[in-house]
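A.B. asks: Supplied in structure tokens, the structure appears directly below.
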Amino acid sequence: MTVPLSILDLASIADDETVRDSFAASANMAQYAEKWGYRRIWYAEHHNMKSIASSATSVLIGHIAAHTSTIRLGAGGIMLPNHSPLVIAEQFGTLATLHPGRIDLGLGRAPGTDQKTLRALRRTPASADSFPRDVLELQGYLSDQSVIPDVEATPGKGTHIPLYILGSSLFGARLAAALGLPYAFASHFAPDALEAAVSAYRREFQPSPQLEHPYVIAGVNVIAADTKSEAIRLFEDAQRFRATRLVGRGKTFTQEEADLLLDSPAGQQVRQMGRYSAVGTASEVKRYLDEFTGHADADELIVLSAATDRSAWLRSLEIVSEISELREK
């Protein structure tokens, strides 16, 4: 591996876990990831999802930061249309003040939820229309000069927290390029536009005070195990878990019923979401990640291990750190 590796932690809640269990597992994993040499861990904002515990993203980041000491932590991402830019600047300004040099802020345009929950958040679909303007406003609050006269973020002003634009389409790629910000593509669940978006971003990139050259982070699913058969079993379990949550609307399914769900048209879409997945032994996963890095034209990979068994989840991330020799970088 020739690029840095980071982790996307969805703060998943397994069938036999509580939310508190999920938070404890995330903190435990972060401590290991710090020792293993990963560059950063990001947490994504989702709402009204019974299997994901990272809805209060900035609070979770603060909790993990208090249980680690060096690894970078951030949002991958904050869905900015759900929030006031000033409030996000204050939240992350607080994090950056408490944990200097360790906080990232990735920004997305999607709501991270369904339309009913969007209304509960006091937002409308039109909220996304102001995303480019909101990014600039947020950037101003975190810099030395707010773009809103007589309004400053305290904490926040002067922290210069690095911003990242997240996306799965050409819109985010072109916005990141125009603003001169790093671009993180969600290829771990939205693979279709990867090549086109990265190409557009690199072609149209304009240097900025934050970034002189384009920088691409690509998401990729990883399940590494000591045997190929075990990795495949874990991957199939993860696919069933995702299908029952996204398609089965949280109902309980037997393994046979989950397989039938995956064979349905909606289930096939779930399989397609995982197109970019490294599954296998250490050598097989290393070969896949090397090839994917070139395919994605990525400067950094952010890996998501969807293994539903906690021991297998940790082991998968440990194997990736070993094959990448992260501790030597």
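Chains: A, B, ... in order of the structure tokens. Residues: from 1 per chain. Ligands: from 1, in order shown.
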Identify, on the basis of only C-alpha atoms, every residue whose closest approach to Met29 of chain A does not exceed 10 Å; exclude the query and any residue fewer than 2 positions from it along the same chain; express the result as an MDAnalysis selection string.
C.D. replies: chainID A and resid 9 23:27 31:35 41 64 310 313:314 317:318
A.B. asks: Fewer than 4 positions away in the same chain doesn't count, so skip those; otherwise give me all residues within 12 Å of Asp150 of chain A, counting only C-alpha atoms, as a PyMOL selection string.
C.D. replies: chain A and resi 141+145-146
A.B. asks: DSSP on the backbone, then: every residue of segment 20-232 of chain A marked strand (DSSP E), written as number ranges by chain.
C.D. replies: A: 40-43, 72-79, 103-108, 163-167, 183-185, 216-224
A.B. asks: At a cut-off of 9 Å, using only C-alpha atoms, what residues contact segment 286-292 of chain A? Leave out same-chain residues fewer than 2 positions from it and give the result as a list in words.
C.D. replies: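 Surrounding residues, per the criterion: Met1, Thr2, Val220, Val222, Tyr276, Ser277, Ala278, Val279, Thr281, Ala282, Ser283, Glu284, Gly294, His295, Ala296, Asp297, Ala298, Leu301, Val320, Ile323 and Ser324 of chain A.
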A.B. asks: Would you save the residues from that selection as a compact mmCIF listing (two decimals), in the first residue's frame, using N, CA, C and O atoms?
C.D. replies:
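selection-v7.txt, written as the output of this step:
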# COMPACT_ATOMS: atom_id res chain seq x y z
N MET A 1 0.84 -1.19 0.00
CA MET A 1 0.00 0.00 0.00
C MET A 1 0.88 1.24 0.00
O MET A 1 1.82 1.35 0.78
N THR A 2 0.56 2.18 -0.87
CA THR A 2 1.37 3.39 -0.99
C THR A 2 0.62 4.64 -0.57
O THR A 2 1.16 5.74 -0.68
N VAL A 220 -13.95 2.40 0.63
CA VAL A 220 -13.94 1.02 0.15
C VAL A 220 -14.29 0.09 1.32
O VAL A 220 -13.84 0.30 2.45
N VAL A 222 -14.12 -3.35 3.39
CA VAL A 222 -13.07 -4.33 3.64
C VAL A 222 -13.54 -5.36 4.66
O VAL A 222 -14.01 -4.99 5.74
N TYR A 276 -17.47 -2.16 -4.54
CA TYR A 276 -16.06 -2.00 -4.20
C TYR A 276 -15.83 -2.57 -2.80
O TYR A 276 -15.96 -1.87 -1.78
N SER A 277 -15.52 -3.85 -2.75
CA SER A 277 -15.33 -4.55 -1.48
C SER A 277 -14.12 -5.47 -1.58
O SER A 277 -14.03 -6.29 -2.49
N ALA A 278 -13.20 -5.30 -0.64
CA ALA A 278 -12.04 -6.19 -0.55
C ALA A 278 -12.37 -7.28 0.46
O ALA A 278 -12.51 -7.01 1.65
N VAL A 279 -12.51 -8.50 -0.02
CA VAL A 279 -12.94 -9.61 0.83
C VAL A 279 -11.97 -10.77 0.65
O VAL A 279 -11.74 -11.23 -0.48
N THR A 281 -8.33 -13.10 2.39
CA THR A 281 -7.19 -13.17 3.29
C THR A 281 -6.34 -11.91 3.15
O THR A 281 -6.60 -11.05 2.30
N ALA A 282 -5.30 -11.81 3.97
CA ALA A 282 -4.46 -10.61 3.96
C ALA A 282 -3.91 -10.32 2.56
O ALA A 282 -3.99 -9.19 2.08
N SER A 283 -3.34 -11.34 1.90
CA SER A 283 -2.75 -11.10 0.58
C SER A 283 -3.80 -10.72 -0.45
O SER A 283 -3.56 -9.86 -1.31
N GLU A 284 -4.97 -11.33 -0.37
CA GLU A 284 -6.04 -11.02 -1.32
C GLU A 284 -6.56 -9.60 -1.12
O GLU A 284 -6.80 -8.87 -2.08
N GLY A 294 -5.42 2.56 -7.53
CA GLY A 294 -5.16 3.02 -8.89
C GLY A 294 -6.45 3.31 -9.65
O GLY A 294 -6.57 4.32 -10.36
N HIS A 295 -7.42 2.42 -9.51
CA HIS A 295 -8.70 2.59 -10.19
C HIS A 295 -9.39 3.88 -9.76
O HIS A 295 -9.95 4.62 -10.59
N ALA A 296 -9.35 4.18 -8.46
CA ALA A 296 -10.01 5.38 -7.93
C ALA A 296 -9.16 6.63 -8.06
O ALA A 296 -9.64 7.73 -7.80
N ASP A 297 -7.89 6.48 -8.46
CA ASP A 297 -6.96 7.61 -8.52
C ASP A 297 -6.95 8.33 -7.17
O ASP A 297 -7.08 9.55 -7.10
N ALA A 298 -6.82 7.54 -6.10
CA ALA A 298 -6.98 8.05 -4.74
C ALA A 298 -5.66 8.40 -4.09
O ALA A 298 -4.65 7.73 -4.32
N LEU A 301 -7.23 6.09 1.20
CA LEU A 301 -8.40 5.22 1.27
C LEU A 301 -9.00 5.31 2.66
O LEU A 301 -8.27 5.36 3.65
N VAL A 320 -5.68 -5.29 7.90
CA VAL A 320 -5.40 -4.23 6.93
C VAL A 320 -4.22 -3.38 7.38
O VAL A 320 -3.37 -2.99 6.57
N ILE A 323 -0.95 -5.50 6.64
CA ILE A 323 -0.53 -5.60 5.24
C ILE A 323 -0.11 -4.25 4.69
O ILE A 323 0.64 -4.18 3.71
N SER A 324 -0.56 -3.18 5.32
CA SER A 324 -0.21 -1.84 4.86
C SER A 324 1.00 -1.28 5.57
O SER A 324 1.47 -0.19 5.21
A.B. asks: For Arg133 of chain A, which residue out of A:Pro85, A:Gly167, A:Gly93, A:Pro265 is the nearest one, using only C-alpha atoms?
C.D. replies: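 Closest residue, counting only C-alpha atoms: A:Pro85.
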A.B. asks: How many Å lie between atom CA of Pro191 of chain A and atom CA of Phe171 of chain A, rounded to one decimal?
C.D. replies: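 According to the coordinates, atom CA of Pro191 of chain A and atom CA of Phe171 of chain A are separated by 14.9 Å.
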A.B. asks: Which of these residues is nearest to Trp42 of chain A, using only C-alpha atoms: A:Ala258, A:Ile165, A:Ala110, A:Leu304?
C.D. replies: A:Leu304
A.B. asks: Out of A:Ala218, A:Ala186, A:Ile61, A:Leu181, which residue has the shortest atom-to-atom distance to Gln206 of chain A when counting only C-alpha atoms?
C.D. replies: A:Leu181
A.B. asks: What lies within 8 Å of Ser168 of chain A using only C-alpha atoms, ignoring chain neighbours under 4 positions off, as a list in words?
C.D. replies: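 Residues meeting the cut-off are Gly172, Phe185, Ala186, Ser187, Ala190, Pro191, Ala193, Leu194 and Ala197 of chain A.
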A.B. asks: Write out, as a short mmCIF file (atom, residue, chain, number, x, y, z; two decimals), in the first residue's frame, the residues just selected, with N, CA, C and O atoms.
C.D. replies:
data_model
loop_
_atom_site.label_atom_id
_atom_site.label_comp_id
_atom_site.auth_asym_id
_atom_site.auth_seq_id
_atom_site.Cartn_x
_atom_site.Cartn_y
_atom_site.Cartn_z
N GLY A 172 -20.70 17.35 -5.98
CA GLY A 172 -19.73 17.50 -4.91
C GLY A 172 -18.31 17.62 -5.44
O GLY A 172 -17.49 18.38 -4.90
N PHE A 185 -14.99 10.63 -1.85
CA PHE A 185 -16.06 10.01 -2.63
C PHE A 185 -16.59 8.77 -1.91
O PHE A 185 -15.82 7.91 -1.47
N ALA A 186 -17.91 8.66 -1.83
CA ALA A 186 -18.57 7.59 -1.07
C ALA A 186 -18.70 6.32 -1.89
O ALA A 186 -19.79 5.75 -2.03
N SER A 187 -17.59 5.84 -2.41
CA SER A 187 -17.62 4.64 -3.27
C SER A 187 -17.90 3.37 -2.48
O SER A 187 -18.15 2.33 -3.08
N ALA A 190 -21.92 4.04 -2.90
CA ALA A 190 -22.45 4.67 -4.11
C ALA A 190 -21.37 4.66 -5.19
O ALA A 190 -20.75 5.68 -5.46
N PRO A 191 -21.13 3.49 -5.78
CA PRO A 191 -19.95 3.33 -6.63
C PRO A 191 -20.04 3.89 -8.04
O PRO A 191 -19.02 4.07 -8.70
N ALA A 193 -20.52 6.68 -9.89
CA ALA A 193 -19.90 7.86 -10.50
C ALA A 193 -18.46 8.08 -10.08
O ALA A 193 -17.90 9.15 -10.32
N LEU A 194 -17.84 7.08 -9.48
CA LEU A 194 -16.49 7.26 -8.92
C LEU A 194 -15.51 7.83 -9.93
O LEU A 194 -14.89 8.88 -9.70
N ALA A 197 -16.44 11.39 -11.30
CA ALA A 197 -16.35 12.45 -10.30
C ALA A 197 -14.90 12.79 -9.97
O ALA A 197 -14.54 13.97 -9.89
#
A.B. asks: What does the distance from atom CA of Arg20 of chain A to atom CA of His67 of chain A come to in Å, to one decimal?
C.D. replies: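 Atom CA of His67 of chain A lies 14.9 Å from atom CA of Arg20 of chain A.
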